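Student: Okay, so here is upload39.pdb, and as you'll see once you scroll down, it has PDB, C-alpha atoms.
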```pdb
ATOM      1  CA  MET J 163      -0.545   9.174 -13.822
ATOM      2  CA  ASN J 164       0.438  12.041 -16.152
ATOM      3  CA  VAL J 165      -2.979  13.634 -15.657
ATOM      4  CA  LEU J 166      -2.564  13.441 -11.877
ATOM      5  CA  GLN J 167       0.853  15.075 -12.126
ATOM      6  CA  LYS J 168      -0.480  17.887 -14.300
ATOM      7  CA  LEU J 169      -3.302  18.531 -11.854
ATOM      8  CA  ARG J 170      -0.863  18.266  -8.910
ATOM      9  CA  ILE J 171      -3.002  15.531  -7.337
ATOM     10  CA  ASP J 172      -1.153  13.199  -5.014
ATOM     11  CA  PRO J 173      -2.009   9.568  -5.899
ATOM     12  CA  PHE J 174      -1.379   8.505  -2.299
ATOM     13  CA  LEU J 175      -3.920  11.068  -1.097
ATOM     14  CA  LEU J 176      -6.443   9.673  -3.586
ATOM     15  CA  MET J 177      -5.780   6.209  -2.207
ATOM     16  CA  MET J 178      -6.376   7.505   1.307
ATOM     17  CA  LEU J 179      -9.656   9.179   0.336
ATOM     18  CA  ALA J 180     -10.726   5.921  -1.313
ATOM     19  CA  VAL J 181      -9.935   4.045   1.909
ATOM     20  CA  VAL J 182     -12.064   6.543   3.890
ATOM     21  CA  ALA J 183     -14.933   6.042   1.449
ATOM     22  CA  VAL J 184     -14.651   2.261   1.731
ATOM     23  CA  ALA J 185     -14.578   2.487   5.537
ATOM     24  CA  THR J 186     -17.741   4.611   5.443
ATOM     25  CA  ILE J 187     -19.607   2.202   3.172
ATOM     26  CA  LEU J 188     -18.060  -1.069   4.371
ATOM     27  CA  PRO J 189     -16.585  -0.575   7.858
ATOM     28  CA  CYS J 190     -14.800  -3.579   9.289
ATOM     29  CA  GLU J 191     -16.783  -5.251  12.063
ATOM     30  CA  GLY J 192     -16.684  -8.508  13.941
ATOM     31  CA  ALA J 193     -14.265 -11.024  12.464
ATOM     32  CA  ALA J 194     -13.244  -8.556   9.719
ATOM     33  CA  LYS J 195     -12.273  -5.963  12.325
ATOM     34  CA  THR J 196     -10.176  -8.536  14.167
ATOM     35  CA  PHE J 197      -8.473  -9.486  10.902
ATOM     36  CA  PHE J 198      -7.660  -5.909   9.876
ATOM     37  CA  THR J 199      -6.563  -4.964  13.380
ATOM     38  CA  ASN J 200      -4.158  -7.905  13.463
ATOM     39  CA  LEU J 201      -2.988  -7.093   9.927
ATOM     40  CA  THR J 202      -2.268  -3.498  10.982
ATOM     41  CA  THR J 203      -0.303  -4.732  13.983
ATOM     42  CA  VAL J 204       1.779  -7.023  11.765
ATOM     43  CA  ALA J 205       2.394  -4.271   9.183
ATOM     44  CA  ILE J 206       3.524  -1.813  11.849
ATOM     45  CA  ALA J 207       5.764  -4.427  13.479
ATOM     46  CA  LEU J 208       7.310  -5.188  10.071
ATOM     47  CA  LEU J 209       7.832  -1.471   9.464
ATOM     48  CA  PHE J 210       9.708  -1.089  12.751
ATOM     49  CA  PHE J 211      11.661  -4.275  12.148
ATOM     50  CA  MET J 212      12.905  -3.008   8.787
ATOM     51  CA  HIS J 213      13.706   0.432  10.182
ATOM     52  CA  GLY J 214      15.710  -1.196  12.943
ATOM     53  CA  ALA J 215      17.627  -3.293  10.422
ATOM     54  CA  LYS J 216      18.218  -0.286   8.169
ATOM     55  CA  LEU J 217      19.626   2.057  10.809
ATOM     56  CA  SER J 218      23.235   1.835  11.898
ATOM     57  CA  ARG J 219      24.163   1.965  15.555
ATOM     58  CA  GLU J 220      25.779   5.347  14.972
ATOM     59  CA  ASN J 221      22.503   6.743  13.631
ATOM     60  CA  ILE J 222      20.561   5.381  16.602
ATOM     61  CA  ARG J 223      22.991   6.989  19.028
ATOM     62  CA  ALA J 224      22.669  10.233  17.124
ATOM     63  CA  GLY J 225      18.883   9.972  17.296
ATOM     64  CA  MET J 226      18.897   9.417  21.053
ATOM     65  CA  GLY J 227      21.317  12.302  21.517
ATOM     66  CA  HIS J 228      19.133  14.881  19.759
ATOM     67  CA  TRP J 229      17.917  16.353  23.037
ATOM     68  CA  ARG J 230      17.131  19.741  21.460
ATOM     69  CA  LEU J 231      14.962  18.051  18.839
ATOM     70  CA  HIS J 232      13.143  15.945  21.425
ATOM     71  CA  LEU J 233      12.580  18.968  23.664
ATOM     72  CA  LEU J 234      11.009  20.903  20.802
ATOM     73  CA  VAL J 235       8.728  17.977  19.911
ATOM     74  CA  PHE J 236       7.619  17.569  23.535
ATOM     75  CA  ALA J 237       6.977  21.309  23.846
ATOM     76  CA  SER J 238       4.806  21.196  20.742
ATOM     77  CA  THR J 239       2.856  18.158  21.952
ATOM     78  CA  PHE J 240       2.349  19.017  25.618
ATOM     79  CA  VAL J 241       2.584  22.832  25.709
ATOM     80  CA  LEU J 242       1.702  24.353  22.331
ATOM     81  CA  PHE J 243      -1.307  22.116  21.676
ATOM     82  CA  PRO J 244      -2.886  22.679  25.142
ATOM     83  CA  LEU J 245      -2.421  26.443  24.830
ATOM     84  CA  ILE J 246      -4.164  26.417  21.453
ATOM     85  CA  GLY J 247      -6.956  24.299  22.923
ATOM     86  CA  LEU J 248      -7.510  26.709  25.791
ATOM     87  CA  SER J 249      -7.647  29.629  23.344
ATOM     88  CA  LEU J 250     -10.768  28.075  21.756
ATOM     89  CA  HIS J 251     -12.697  29.116  24.880
ATOM     90  CA  TRP J 252     -13.439  32.418  23.146
ATOM     91  CA  LEU J 253     -15.570  30.554  20.598
ATOM     92  CA  VAL J 254     -17.911  29.074  23.242
ATOM     93  CA  PRO J 255     -20.925  29.024  23.049
ATOM     94  CA  HIS J 256     -21.643  31.069  19.898
ATOM     95  CA  TYR J 257     -19.460  29.137  17.465
ATOM     96  CA  LEU J 258     -18.503  26.027  19.461
ATOM     97  CA  SER J 259     -20.677  24.032  21.829
ATOM     98  CA  PRO J 260     -19.336  23.442  25.367
ATOM     99  CA  THR J 261     -19.217  19.678  24.746
ATOM    100  CA  LEU J 262     -17.191  19.986  21.550
ATOM    101  CA  TYR J 263     -14.910  22.470  23.305
ATOM    102  CA  LEU J 264     -14.161  19.833  25.930
ATOM    103  CA  GLY J 265     -13.502  17.384  23.102
ATOM    104  CA  PHE J 266     -10.916  19.752  21.619
ATOM    105  CA  LEU J 267      -9.289  20.208  25.034
ATOM    106  CA  TYR J 268      -9.003  16.451  25.325
ATOM    107  CA  LEU J 269      -7.541  16.224  21.816
ATOM    108  CA  CYS J 270      -4.881  18.819  22.642
ATOM    109  CA  ALA J 271      -3.841  16.991  25.830
ATOM    110  CA  LEU J 272      -3.057  13.682  24.117
ATOM    111  CA  PRO J 273       0.406  12.341  23.212
ATOM    112  CA  ALA J 274       1.697  12.061  19.672
ATOM    113  CA  THR J 275       0.944   9.073  17.499
ATOM    114  CA  VAL J 276       3.913   6.810  16.862
ATOM    115  CA  GLN J 277       3.602   4.719  13.729
ATOM    116  CA  SER J 278       2.293   7.383  11.330
ATOM    117  CA  ALA J 279       4.762  10.014  12.575
ATOM    118  CA  ILE J 280       7.669   7.676  11.883
ATOM    119  CA  ALA J 281       6.203   6.467   8.575
ATOM    120  CA  PHE J 282       5.747  10.042   7.311
ATOM    121  CA  THR J 283       9.238  10.960   8.498
ATOM    122  CA  SER J 284      10.622   8.050   6.515
ATOM    123  CA  VAL J 285       8.618   8.907   3.380
ATOM    124  CA  ALA J 286       9.769  12.534   3.569
ATOM    125  CA  GLY J 287      13.440  11.622   4.048
ATOM    126  CA  GLY J 288      13.747  12.788   7.643
ATOM    127  CA  ASN J 289      15.766  11.579  10.615
ATOM    128  CA  VAL J 290      14.033   8.253  11.279
ATOM    129  CA  ALA J 291      16.255   7.345  14.248
ATOM    130  CA  ALA J 292      15.314  10.561  16.041
ATOM    131  CA  ALA J 293      11.665  10.064  15.062
ATOM    132  CA  VAL J 294      11.581   6.585  16.620
ATOM    133  CA  CYS J 295      13.043   7.887  19.875
ATOM    134  CA  SER J 296      10.954  11.069  19.975
ATOM    135  CA  ALA J 297       7.572   9.602  19.009
ATOM    136  CA  SER J 298       7.953   6.572  21.283
ATOM    137  CA  ALA J 299       9.046   8.713  24.224
ATOM    138  CA  SER J 300       6.148  11.104  23.595
ATOM    139  CA  SER J 301       3.686   8.217  23.636
ATOM    140  CA  ILE J 302       5.116   6.816  26.871
ATOM    141  CA  LEU J 303       5.250  10.218  28.589
ATOM    142  CA  GLY J 304       1.714  10.931  27.415
ATOM    143  CA  VAL J 305       0.393   8.039  29.464
ATOM    144  CA  PHE J 306       1.437  10.034  32.522
ATOM    145  CA  LEU J 307       1.161  13.638  31.295
ATOM    146  CA  SER J 308      -2.122  13.522  29.353
ATOM    147  CA  PRO J 309      -4.357  12.657  32.340
ATOM    148  CA  ILE J 310      -2.620  15.423  34.305
ATOM    149  CA  LEU J 311      -3.217  17.933  31.506
ATOM    150  CA  VAL J 312      -6.845  16.823  31.179
ATOM    151  CA  GLY J 313      -7.315  17.250  34.925
ATOM    152  CA  MET J 314      -5.805  20.743  34.802
ATOM    153  CA  MET J 315      -7.870  21.927  31.828
ATOM    154  CA  MET J 316     -11.243  20.305  32.450
ATOM    155  CA  PRO J 317     -13.212  18.259  34.994
ATOM    156  CA  THR J 318     -12.982  14.500  34.515
ATOM    157  CA  SER J 319     -14.363  11.363  36.019
ATOM    158  CA  GLY J 320     -13.282   7.754  36.077
ATOM    159  CA  GLN J 321     -10.352   5.681  37.230
ATOM    160  CA  HIS J 322      -6.633   5.955  36.700
ATOM    161  CA  VAL J 323      -5.137   5.035  33.350
ATOM    162  CA  ASP J 324      -3.417   1.637  33.291
ATOM    163  CA  THR J 325       0.050   3.059  32.694
ATOM    164  CA  VAL J 326       1.809  -0.273  33.008
ATOM    165  CA  ALA J 327      -0.332  -1.881  30.286
ATOM    166  CA  ALA J 328       0.134   1.111  27.960
ATOM    167  CA  ILE J 329       3.916   1.081  28.336
ATOM    168  CA  GLU J 330       4.037  -2.690  27.863
ATOM    169  CA  SER J 331       2.015  -2.344  24.643
ATOM    170  CA  ILE J 332       4.409   0.271  23.231
ATOM    171  CA  LEU J 333       7.462  -1.760  24.148
ATOM    172  CA  LEU J 334       6.024  -4.987  22.756
ATOM    173  CA  LYS J 335       4.478  -3.725  19.507
ATOM    174  CA  LEU J 336       6.947  -1.013  18.524
ATOM    175  CA  MET J 337      10.258  -1.076  20.301
ATOM    176  CA  LEU J 338      10.707  -4.866  20.370
ATOM    177  CA  PRO J 339      10.456  -5.236  16.548
ATOM    178  CA  PHE J 340      12.824  -2.271  16.171
ATOM    179  CA  VAL J 341      15.398  -3.835  18.501
ATOM    180  CA  LEU J 342      15.070  -7.256  16.829
ATOM    181  CA  GLY J 343      15.516  -5.650  13.429
ATOM    182  CA  HIS J 344      18.610  -3.831  14.583
ATOM    183  CA  LEU J 345      20.064  -7.030  16.012
ATOM    184  CA  ALA J 346      19.410  -8.696  12.645
ATOM    185  CA  ARG J 347      21.072  -5.832  10.745
ATOM    186  CA  PRO J 348      24.305  -7.745   9.980
ATOM    187  CA  LEU J 349      22.219 -10.348   8.127
ATOM    188  CA  LEU J 350      19.642  -8.085   6.447
ATOM    189  CA  ALA J 351      21.288  -4.699   5.820
ATOM    190  CA  LYS J 352      22.454  -5.442   2.261
ATOM    191  CA  TRP J 353      19.108  -6.973   1.274
ATOM    192  CA  ILE J 354      17.147  -3.991   2.649
ATOM    193  CA  ASN J 355      19.432  -1.512   0.894
ATOM    194  CA  ARG J 356      18.716  -3.293  -2.384
ATOM    195  CA  HIS J 357      14.949  -3.198  -1.751
ATOM    196  CA  LYS J 358      14.325   0.332  -0.435
ATOM    197  CA  ASN J 359      11.038   0.509  -2.334
ATOM    198  CA  LEU J 360       9.745  -2.325  -0.172
ATOM    199  CA  VAL J 361      10.274  -0.207   2.937
ATOM    200  CA  ASN J 362       8.440   2.710   1.305
ATOM    201  CA  ARG J 363       5.519   0.480   0.340
ATOM    202  CA  THR J 364       5.360  -0.819   3.913
ATOM    203  CA  ASP J 365       5.220   2.764   5.215
ATOM    204  CA  ARG J 366       2.311   3.675   2.963
ATOM    205  CA  SER J 367       0.466   0.401   3.494
ATOM    206  CA  SER J 368       0.620   0.774   7.272
ATOM    207  CA  ILE J 369      -0.824   4.298   7.037
ATOM    208  CA  LEU J 370      -3.695   3.138   4.821
ATOM    209  CA  LEU J 371      -4.477   0.297   7.211
ATOM    210  CA  VAL J 372      -4.491   2.653  10.200
ATOM    211  CA  VAL J 373      -6.862   5.000   8.352
ATOM    212  CA  TYR J 374      -9.255   2.202   7.428
ATOM    213  CA  VAL J 375      -9.406   0.624  10.897
ATOM    214  CA  ALA J 376      -9.670   3.971  12.721
ATOM    215  CA  PHE J 377     -12.369   5.382  10.439
ATOM    216  CA  SER J 378     -14.279   2.096  10.554
ATOM    217  CA  ASP J 379     -14.437   2.373  14.339
ATOM    218  CA  ALA J 380     -15.821   5.902  14.039
ATOM    219  CA  VAL J 381     -18.471   4.867  11.533
ATOM    220  CA  VAL J 382     -19.526   1.829  13.571
ATOM    221  CA  GLU J 383     -19.916   4.044  16.647
ATOM    222  CA  GLY J 384     -22.442   6.149  14.728
ATOM    223  CA  LEU J 385     -20.287   9.072  13.687
ATOM    224  CA  TRP J 386     -22.738  10.291  11.035
ATOM    225  CA  HIS J 387     -25.778  10.037  13.332
ATOM    226  CA  LYS J 388     -24.538  11.867  16.428
ATOM    227  CA  ILE J 389     -23.853  15.318  14.993
ATOM    228  CA  ASN J 390     -25.247  17.468  12.186
ATOM    229  CA  GLY J 391     -23.469  18.891   9.179
ATOM    230  CA  THR J 392     -22.787  22.235  10.829
ATOM    231  CA  ALA J 393     -21.055  20.618  13.795
ATOM    232  CA  ILE J 394     -18.938  18.460  11.496
ATOM    233  CA  ALA J 395     -17.957  21.483   9.427
ATOM    234  CA  THR J 396     -16.975  23.344  12.606
ATOM    235  CA  ILE J 397     -14.830  20.437  13.819
ATOM    236  CA  VAL J 398     -13.156  20.086  10.423
ATOM    237  CA  ALA J 399     -12.444  23.816  10.169
ATOM    238  CA  LEU J 400     -11.026  24.125  13.687
ATOM    239  CA  SER J 401      -9.002  20.928  13.294
ATOM    240  CA  LEU J 402      -7.440  22.276  10.108
ATOM    241  CA  VAL J 403      -6.664  25.612  11.766
ATOM    242  CA  ILE J 404      -5.040  23.913  14.768
ATOM    243  CA  LEU J 405      -3.042  21.567  12.539
ATOM    244  CA  MET J 406      -1.830  24.337  10.229
ATOM    245  CA  VAL J 407      -0.836  26.598  13.155
ATOM    246  CA  VAL J 408       1.160  23.772  14.772
ATOM    247  CA  LEU J 409       2.809  22.783  11.488
ATOM    248  CA  LEU J 410       3.851  26.361  10.686
ATOM    249  CA  ILE J 411       5.179  27.012  14.191
ATOM    250  CA  ASN J 412       7.185  23.775  14.117
ATOM    251  CA  ILE J 413       8.596  24.499  10.653
ATOM    252  CA  TYR J 414       9.722  28.024  11.478
ATOM    253  CA  ALA J 415      10.919  27.082  14.977
ATOM    254  CA  ALA J 416      13.078  24.296  13.511
ATOM    255  CA  ARG J 417      14.574  26.668  10.950
ATOM    256  CA  TRP J 418      15.058  29.508  13.432
ATOM    257  CA  LEU J 419      16.882  27.157  15.817
ATOM    258  CA  GLY J 420      19.173  25.969  13.028
ATOM    259  CA  PHE J 421      18.079  22.335  12.652
ATOM    260  CA  SER J 422      18.983  20.429   9.501
ATOM    261  CA  LYS J 423      16.314  19.650   6.896
ATOM    262  CA  GLU J 424      16.186  16.022   8.079
ATOM    263  CA  ASP J 425      15.654  17.120  11.682
ATOM    264  CA  GLU J 426      13.076  19.698  10.595
ATOM    265  CA  ILE J 427      11.075  16.926   8.938
ATOM    266  CA  THR J 428      11.198  14.878  12.143
ATOM    267  CA  ILE J 429      10.092  17.829  14.272
ATOM    268  CA  VAL J 430       7.236  18.658  11.906
ATOM    269  CA  PHE J 431       5.795  15.148  11.766
ATOM    270  CA  CYS J 432       6.425  14.111  15.385
ATOM    271  CA  GLY J 433       5.284  17.426  16.853
ATOM    272  CA  SER J 434       1.991  17.728  14.979
ATOM    273  CA  LYS J 435       0.318  14.366  15.656
ATOM    274  CA  LYS J 436      -2.298  13.265  18.176
ATOM    275  CA  SER J 437      -2.821   9.590  18.939
ATOM    276  CA  LEU J 438      -6.208   7.992  18.344
ATOM    277  CA  ALA J 439      -4.845   4.678  19.623
ATOM    278  CA  ASN J 440      -4.007   6.216  22.995
ATOM    279  CA  GLY J 441      -6.950   8.606  23.056
ATOM    280  CA  VAL J 442      -9.801   6.122  22.748
ATOM    281  CA  PRO J 443      -8.943   3.821  25.680
ATOM    282  CA  MET J 444      -7.883   6.778  27.812
ATOM    283  CA  ALA J 445     -11.258   8.478  27.234
ATOM    284  CA  ASN J 446     -13.058   5.372  28.448
ATOM    285  CA  VAL J 447     -11.500   5.707  31.903
ATOM    286  CA  LEU J 448     -11.466   9.502  32.143
ATOM    287  CA  PHE J 449     -15.045  10.302  31.148
ATOM    288  CA  ALA J 450     -18.559   9.073  31.830
ATOM    289  CA  PRO J 451     -19.751   6.520  29.226
ATOM    290  CA  ALA J 452     -22.429   8.884  27.892
ATOM    291  CA  MET J 453     -19.764  11.497  27.080
ATOM    292  CA  VAL J 454     -17.147   9.320  25.429
ATOM    293  CA  GLY J 455     -18.660   9.211  21.930
ATOM    294  CA  VAL J 456     -19.002  12.969  21.474
ATOM    295  CA  MET J 457     -15.745  13.676  23.287
ATOM    296  CA  LEU J 458     -13.883  11.592  20.720
ATOM    297  CA  LEU J 459     -15.346  13.289  17.642
ATOM    298  CA  PRO J 460     -12.720  16.065  17.401
ATOM    299  CA  LEU J 461      -9.977  13.466  17.874
ATOM    300  CA  MET J 462     -11.370  11.122  15.225
ATOM    301  CA  ILE J 463     -11.717  13.896  12.644
ATOM    302  CA  PHE J 464      -8.381  15.493  13.526
ATOM    303  CA  HIS J 465      -6.730  12.085  13.225
ATOM    304  CA  GLN J 466      -7.995  11.652   9.671
ATOM    305  CA  LEU J 467      -7.067  15.207   8.662
ATOM    306  CA  GLN J 468      -3.541  14.955  10.078
ATOM    307  CA  LEU J 469      -2.926  11.830   8.016
ATOM    308  CA  MET J 470      -4.190  13.435   4.810
ATOM    309  CA  VAL J 471      -2.411  16.766   5.263
ATOM    310  CA  CYS J 472       0.836  15.123   6.337
ATOM    311  CA  ALA J 473       0.678  12.734   3.379
ATOM    312  CA  ILE J 474       0.772  15.741   1.055
ATOM    313  CA  LEU J 475       3.485  17.437   3.102
ATOM    314  CA  ALA J 476       5.615  14.286   3.203
ATOM    315  CA  GLN J 477       5.469  13.959  -0.574
ATOM    316  CA  ARG J 478       6.477  17.621  -0.973
ATOM    317  CA  TYR J 479       9.452  17.124   1.327
ATOM    318  CA  ALA J 480      10.431  13.965  -0.563
ATOM    319  CA  ARG J 481      10.332  15.746  -3.936
ATOM    320  CA  ARG J 482      12.450  18.627  -2.622
ATOM    321  CA  LEU J 483      15.108  16.247  -1.334
ATOM    322  CA  THR J 484      15.382  14.453  -4.668
ATOM    323  CA  GLN J 485      15.748  17.610  -6.732
TER     324      GLN J 485
END
```
Any chance you could put this one into structure tokens?

Tutor:
Amino acid sequence: MNVLQKLRIDPFLLMMLAVVAVATILPCEGAAKTFFTNLTTVAIALLFFMHGAKLSRENIRAGMGHWRLHLLVFASTFVLFPLIGLSLHWLVPHYLSPTLYLGFLYLCALPATVQSAIAFTSVAGGNVAAAVCSASASSILGVFLSPILVGMMMPTSGQHVDTVAAIESILLKLMLPFVLGHLARPLLAKWINRHKNLVNRTDRSSILLVVYVAFSDAVVEGLWHKINGTAIATIVALSLVILMVVLLINIYAARWLGFSKEDEITIVFCGSKKSLANGVPMANVLFAPAMVGVMLLPLMIFHQLQLMVCAILAQRYARRLTQ
């Protein structure tokens, strides 16, 4: 561990890279995929349950009342990202193929991810109550706004997104455990306060599980056979540029508007994410089957990069708050 500290290597990042390597060599399929998917669902539900039990009612009210914070997160997700996506048109066709350009447009139109945004906010010491409200609302609004944005920016085909099923899934898997945890707060608050490390381990474990399951899906779908090394390098480079631009704009916007450090952390992590969980099923109804695989490549790679970059950023925020 001392060697890692001297080299400034984040052990959690090494764990994440190891999980990616394992998913590439041994992706979960069949019964194993079902097991890990269910395990991820349980871990995320437990995470939300403990967050609900940990937060006081006053903090939840404060989180819901942060309208300026939520507005900034929504602007980042549904305005800033699409504008950046449209600006990539200047790279077509010399540096970016038309198909990959459409994939980036689709990526930029998606809602924010929920579980990882809240987990990173918690690890970094941010405003978890506001993160729960903001990320969940972004995911719900994205069910309606993302197809509209996709239709405005690019031609699509397919049927309407099942908005009712998507909202039911969010309410059942995320908000219900949070509410149950909050209702159980009088019984569990003291125990959770004495075992804060357990909450942190749950945060990190849920992220690692999401990485493994998501990357396994990409590998099983033939990620390494559909595009060449140059295309992958282009996607990685553009994804990093987009992510860094969004992160920097959110950081400086939060500071310029006078938000606290805790709120800044929430804005940074909730305003910079794109949801693979929402993006994959939505692509299946918006695009022709032959296009879905390639269309999802920018999203799959961006999803992995956002987890890795934000893991480093979350640890940096956490160290600054403890100094």

Student: Excluding region 293-310 of chain J and its own-chain neighbours fewer than 4 positions away, which residues fall within 6 Å of it when counting only C-alpha atoms? Please give them as a PDB file with C-alpha atoms, keeping the file's coordinate frame.

Tutor:
```pdb
ATOM      1  CA  HIS J 232      13.143  15.945  21.425  1.00  0.00           C
ATOM      2  CA  ALA J 271      -3.841  16.991  25.830  1.00  0.00           C
ATOM      3  CA  LEU J 272      -3.057  13.682  24.117  1.00  0.00           C
ATOM      4  CA  PRO J 273       0.406  12.341  23.212  1.00  0.00           C
ATOM      5  CA  ALA J 274       1.697  12.061  19.672  1.00  0.00           C
ATOM      6  CA  VAL J 276       3.913   6.810  16.862  1.00  0.00           C
ATOM      7  CA  ILE J 280       7.669   7.676  11.883  1.00  0.00           C
ATOM      8  CA  THR J 325       0.050   3.059  32.694  1.00  0.00           C
ATOM      9  CA  THR J 428      11.198  14.878  12.143  1.00  0.00           C
ATOM     10  CA  CYS J 432       6.425  14.111  15.385  1.00  0.00           C
TER      11      CYS J 432
END
```

Student: Between CA of Leu370 (chain J) and CA of Leu475 (chain J), what is the distance in Å, rounded to a tenth?

Tutor: 16.1 Å

Student: Could you pull the residues within 10 Å of Leu409 (chain J), counting all atoms listed in the file, minus those fewer than 4 positions along the same chain, as a list in words?

Tutor: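 With the cut-off at 10 Å, the set is Ser238, Val403, Ile404, Leu405, Ile413, Tyr414, Ala415, Ile429, Val430, Phe431, Gly433, Ser434, Lys435, Cys472 and Leu475 of chain J.
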
Student: Apply the PyMOL selection byres ((chain J and resi 242) around 10) to the displayed file and report the matching residues as a PyMOL selection string.

Tutor: chain J and resi 235-241+243-247+270-271+407-408+411-412+433-434

Student: Choose the residue, out of J:Ala473, J:Leu400, J:Leu264, J:Leu176, that has the smallest atom-to-atom separation from Met315 (chain J); count all atoms listed in the file.

Tutor: J:Leu264

Student: Of the residues J:Leu469, J:Ala207, J:Val254, J:Leu234, which is the one nearest to Val182 (chain J), using all atoms listed in the file?

Tutor: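 Answer, going by the shortest atom-to-atom distance: J:Leu469.
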
Student: Determine the residue set returned by the PyMOL selection byres ((chain J and resi 285-291) around 6) for the present structure, and present it as an NGL selection string.

Tutor: :J and (222 or 225 or 282-284 or 292-294 or 424-425 or 427-428 or 476 or 479-480)

Student: Could you tell me which of J:Phe198, J:Trp353, J:Tyr257, J:Trp229 comes closest to Ser368 (chain J) if we count all atoms listed in the file?

Tutor: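 Residue with the minimum atom-to-atom distance to Ser368 (chain J): J:Phe198.
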
Student: Restricting the calculation to all atoms listed in the file, which member of J:Leu269, J:Gln277, J:Met178, J:Phe197 is positioned closest to Phe340 (chain J)?

Tutor: J:Gln277
